[in-house]
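Q: What follows is a structure written as structure tokens; I'll ask about it next.
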Amino acid sequence: MRILVTGASGFLGGWLLMEARRYGKTVGLYNSFPIPVQQTYSVDLVDEKRLSRLLSEVSPTLIIHNAAYANPDLCEQNKALALAINVEATRTIVQWCKENHCRLVYTSTDLVFDGERGNYTEEDQPSPTNYYGITKAQAEQLVLELAPDALVCRLALMYGRGRWRRPYSTEWLERELLRRQQQPTLAPLPLFTDQYRSMIAVGNAAALLLEAATKPINGILHIGAPQSISRYQFGVLLCQHFGFSTDYLRPVKSSEISQPLRRPRDVSLNVRRAQQLLTTPLLDIKSGITKAFSMPRKGISY
């Protein structure tokens, strides 16, 4: 197989790029953060001509389209850019795959749901509450309509450590806990007790996605932990793993904190289809934490 991974310098993308080498020749695309791996190319996804030309030069048999403008707050502030990257660039990739008989796997998000009830299945209709979720839902629809053999993987919120030496926002909680270990007088971290996600270790998510990508699975597939957890509960488990005091944390309700953009209450995912179709285990959150935080701190700066 010739596998191309977009967003290869990102949190999940780094794991996908490195793990995909077990399946065949792998090429990565990134935007502005160079990565120390051969067969990687810088490309602005908004540049449709360069993107199409590069795809033809690489000529992959599988594309994992992982790149996105993924910060919900920034998407609200820069809607034109979010639309260009998350929807129009996806359209370019889908059309190229259709014309060149290339397998496409598109990574989406649990934020396509409104969070009113949780435990969402693949059959539940998207109902996003923010512009990031809107663009991802639109891109999902494009993929499913134009490439019926493609696979849309909706991913839960991921945690762990990135493969590249850069400060990923997803590593924020570990960085802040380490700071409080060194400076115990710092104020406790406020973490929400009333927002729930099916949080999954990034390495586990990459392994599951790659197995699904290399099997004849199409449509929509949810990838997350088999249970949901609040951000505060997750923080407690992380403190227990590192042997830190839970006094570093402060439980709060989301209504107590001023936020530029309020997040959905419960976008937990039902992952039964993934459990039935895949042999890679979907790790529970305790097991995921143990595995995810055993690798070196490449991207953590404190």
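Each chain in the structure tokens gets a letter, A, B, ..., in the order shown, and its residues are numbered from 1; ligands are numbered from 1 in order too.
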Would you please extract all alpha helix (DSSP H) residues from segment 80-294 of chain A, as assigned by DSSP on the backbone, and give them as number ranges by chain?
A: A: 80-83, 89-100, 131-146, 172-182, 202-213, 231-242, 272-277, 285-292
Q: What parts of segment 112-273 of chain A does DSSP call strand (DSSP E)? I'd like the answer as a ChimeraX atom specification.
A: /A:151-155,158-159,189-192,196-197,200-201,219-223,229-230,249-252
Q: Would you mind exporting the chosen residues as a PDB file, in the first residue's frame, restricted to C-alpha atoms?
A:
ATOM      1  CA  LEU A 151     -14.863   5.596   5.760  1.00  0.00           C
ATOM      2  CA  VAL A 152     -15.643   8.443   8.164  1.00  0.00           C
ATOM      3  CA  CYS A 153     -14.085   7.890  11.594  1.00  0.00           C
ATOM      4  CA  ARG A 154     -15.549  10.082  14.323  1.00  0.00           C
ATOM      5  CA  LEU A 155     -12.968  10.374  17.077  1.00  0.00           C
ATOM      6  CA  MET A 158      -7.752  12.265  22.651  1.00  0.00           C
ATOM      7  CA  TYR A 159      -5.066  12.438  25.313  1.00  0.00           C
ATOM      8  CA  LEU A 189      -6.741  23.841  37.997  1.00  0.00           C
ATOM      9  CA  PRO A 190     -10.481  24.259  37.367  1.00  0.00           C
ATOM     10  CA  LEU A 191     -11.841  21.201  35.541  1.00  0.00           C
ATOM     11  CA  PHE A 192     -15.457  20.667  34.525  1.00  0.00           C
ATOM     12  CA  TYR A 196     -18.455  14.228  29.255  1.00  0.00           C
ATOM     13  CA  ARG A 197     -16.403  12.651  26.477  1.00  0.00           C
ATOM     14  CA  ILE A 200      -9.219   7.818  24.219  1.00  0.00           C
ATOM     15  CA  ALA A 201      -5.432   7.494  24.221  1.00  0.00           C
ATOM     16  CA  GLY A 219     -19.747   4.434   6.175  1.00  0.00           C
ATOM     17  CA  ILE A 220     -19.255   5.861   9.665  1.00  0.00           C
ATOM     18  CA  LEU A 221     -17.304   4.400  12.574  1.00  0.00           C
ATOM     19  CA  HIS A 222     -17.050   5.791  16.107  1.00  0.00           C
ATOM     20  CA  ILE A 223     -13.682   5.492  17.847  1.00  0.00           C
ATOM     21  CA  ILE A 229     -15.773  10.518  31.718  1.00  0.00           C
ATOM     22  CA  SER A 230     -15.873  14.140  32.843  1.00  0.00           C
ATOM     23  CA  LEU A 249      -7.511  20.255  40.825  1.00  0.00           C
ATOM     24  CA  ARG A 250     -10.676  22.236  41.488  1.00  0.00           C
ATOM     25  CA  PRO A 251     -14.021  20.737  40.411  1.00  0.00           C
ATOM     26  CA  VAL A 252     -16.278  23.300  38.733  1.00  0.00           C
TER      27      VAL A 252
END
Q: For Asp149 of chain A, which residue among A:Asn130, A:Ser42, A:Asn218, A:Gln77 is the nearest when counting only C-alpha atoms?
A: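 Residue with the minimum atom-to-atom distance to Asp149 of chain A: A:Asn218.
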Q: Could you check how far atom CA of Tyr232 of chain A sits from atom CA of Gly160 of chain A, in Å to one decimal?
A: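 One can read the atom CA of Tyr232 of chain A to atom CA of Gly160 of chain A distance as 16.2 Å.
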Q: I'd like the neighbourhood of segment 29-35 of chain A as a list in words, where a residue qualifies if any of its atoms comes within 6 Å (using only C-alpha atoms), though same-chain residues fewer than 3 positions away should be ignored.
A: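 Answer for this query is Thr6, Gly7, Ala8, Ser9, Thr40, Tyr41, Ser42, Val43 and Asp44 of chain A.
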Q: Please report as JSON lines every residue of segment 66-119 of chain A lying within 7 Å of segment 265-273 of chain A, along with the nearest atom pair and their distance in Å (one decimal), using only C-alpha atoms.
A:
{"residue": "A:Asp110", "atom": "CA", "partner": "A:Val267", "partner_atom": "CA", "distance": 5.9}
{"residue": "A:Leu111", "atom": "CA", "partner": "A:Val267", "partner_atom": "CA", "distance": 6.7}
{"residue": "A:Phe113", "atom": "CA", "partner": "A:Val267", "partner_atom": "CA", "distance": 6.2}
{"residue": "A:Gly115", "atom": "CA", "partner": "A:Asp266", "partner_atom": "CA", "distance": 4.2}
{"residue": "A:Glu116", "atom": "CA", "partner": "A:Asp266", "partner_atom": "CA", "distance": 6.3}
{"residue": "A:Arg117", "atom": "CA", "partner": "A:Asp266", "partner_atom": "CA", "distance": 6.2}
{"residue": "A:Gly118", "atom": "CA", "partner": "A:Asp266", "partner_atom": "CA", "distance": 4.9}
{"residue": "A:Asn119", "atom": "CA", "partner": "A:Leu269", "partner_atom": "CA", "distance": 4.7}
Q: How would the residues just picked look written out with N, CA and C atoms as a PDB file, in the first residue's frame?
A:
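Below is the file that was written, selection08.pdb:
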ATOM      1  N   ASP A 110     -16.345  14.068  17.590  1.00  0.00           N
ATOM      2  CA  ASP A 110     -17.577  13.927  18.366  1.00  0.00           C
ATOM      3  C   ASP A 110     -18.345  15.241  18.459  1.00  0.00           C
ATOM      4  N   LEU A 111     -17.703  16.356  18.093  1.00  0.00           N
ATOM      5  CA  LEU A 111     -18.360  17.664  18.176  1.00  0.00           C
ATOM      6  C   LEU A 111     -19.336  17.925  17.022  1.00  0.00           C
ATOM      7  N   PHE A 113     -22.042  16.490  17.236  1.00  0.00           N
ATOM      8  CA  PHE A 113     -23.271  16.317  18.006  1.00  0.00           C
ATOM      9  C   PHE A 113     -23.468  17.479  18.985  1.00  0.00           C
ATOM     10  N   GLY A 115     -24.626  17.264  22.123  1.00  0.00           N
ATOM     11  CA  GLY A 115     -24.315  16.948  23.512  1.00  0.00           C
ATOM     12  C   GLY A 115     -25.497  16.936  24.446  1.00  0.00           C
ATOM     13  N   GLU A 116     -26.694  16.858  23.906  1.00  0.00           N
ATOM     14  CA  GLU A 116     -27.877  16.898  24.762  1.00  0.00           C
ATOM     15  C   GLU A 116     -28.150  15.569  25.466  1.00  0.00           C
ATOM     16  N   ARG A 117     -27.648  14.444  24.921  1.00  0.00           N
ATOM     17  CA  ARG A 117     -27.954  13.161  25.568  1.00  0.00           C
ATOM     18  C   ARG A 117     -26.778  12.194  25.654  1.00  0.00           C
ATOM     19  N   GLY A 118     -25.782  12.280  24.798  1.00  0.00           N
ATOM     20  CA  GLY A 118     -24.638  11.389  24.855  1.00  0.00           C
ATOM     21  C   GLY A 118     -24.921  10.006  24.304  1.00  0.00           C
ATOM     22  N   ASN A 119     -23.869   9.160  24.314  1.00  0.00           N
ATOM     23  CA  ASN A 119     -23.945   7.777  23.813  1.00  0.00           C
ATOM     24  C   ASN A 119     -24.444   7.748  22.364  1.00  0.00           C
TER      25      ASN A 119
END
Q: Considering only C-alpha atoms, can you say which of A:Phe244, A:Glu76, A:Ser287, A:Phe293 comes closest to Arg179 of chain A?
A: A:Phe244
Q: Give me the residues within 7 Å of Val105 of chain A as a list in words, counting only C-alpha atoms and dropping any in the same chain fewer than 4 places off.
A: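 After dropping sequence-adjacent residues, the list is Ile63, Ile64, His65, Ala150, Leu151, Val152 and Ala213 of chain A.
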Q: Deliver the residues from the most recent selection as a file, using N, CA and C atoms, as a PDB file, in the first residue's frame.
A:
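Okay, again.pdb is ready:
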ATOM      1  N   ILE A  63      -5.636   7.309   1.369  1.00  0.00           N
ATOM      2  CA  ILE A  63      -5.430   8.622   1.991  1.00  0.00           C
ATOM      3  C   ILE A  63      -6.179   8.642   3.317  1.00  0.00           C
ATOM      4  N   ILE A  64      -5.462   8.995   4.382  1.00  0.00           N
ATOM      5  CA  ILE A  64      -6.098   9.268   5.666  1.00  0.00           C
ATOM      6  C   ILE A  64      -6.092  10.778   5.828  1.00  0.00           C
ATOM      7  N   HIS A  65      -7.262  11.366   5.623  1.00  0.00           N
ATOM      8  CA  HIS A  65      -7.362  12.840   5.663  1.00  0.00           C
ATOM      9  C   HIS A  65      -7.652  13.270   7.096  1.00  0.00           C
ATOM     10  N   ALA A 150     -15.868   5.183   0.999  1.00  0.00           N
ATOM     11  CA  ALA A 150     -14.975   5.800   1.984  1.00  0.00           C
ATOM     12  C   ALA A 150     -15.441   5.485   3.402  1.00  0.00           C
ATOM     13  N   LEU A 151     -14.566   5.799   4.348  1.00  0.00           N
ATOM     14  CA  LEU A 151     -14.863   5.596   5.760  1.00  0.00           C
ATOM     15  C   LEU A 151     -14.700   6.917   6.505  1.00  0.00           C
ATOM     16  N   VAL A 152     -15.705   7.281   7.277  1.00  0.00           N
ATOM     17  CA  VAL A 152     -15.643   8.443   8.164  1.00  0.00           C
ATOM     18  C   VAL A 152     -15.453   7.935   9.588  1.00  0.00           C
ATOM     19  N   ALA A 213      -8.936   1.397   8.483  1.00  0.00           N
ATOM     20  CA  ALA A 213      -8.596   1.906   7.154  1.00  0.00           C
ATOM     21  C   ALA A 213      -8.169   0.795   6.214  1.00  0.00           C
TER      22      ALA A 213
END
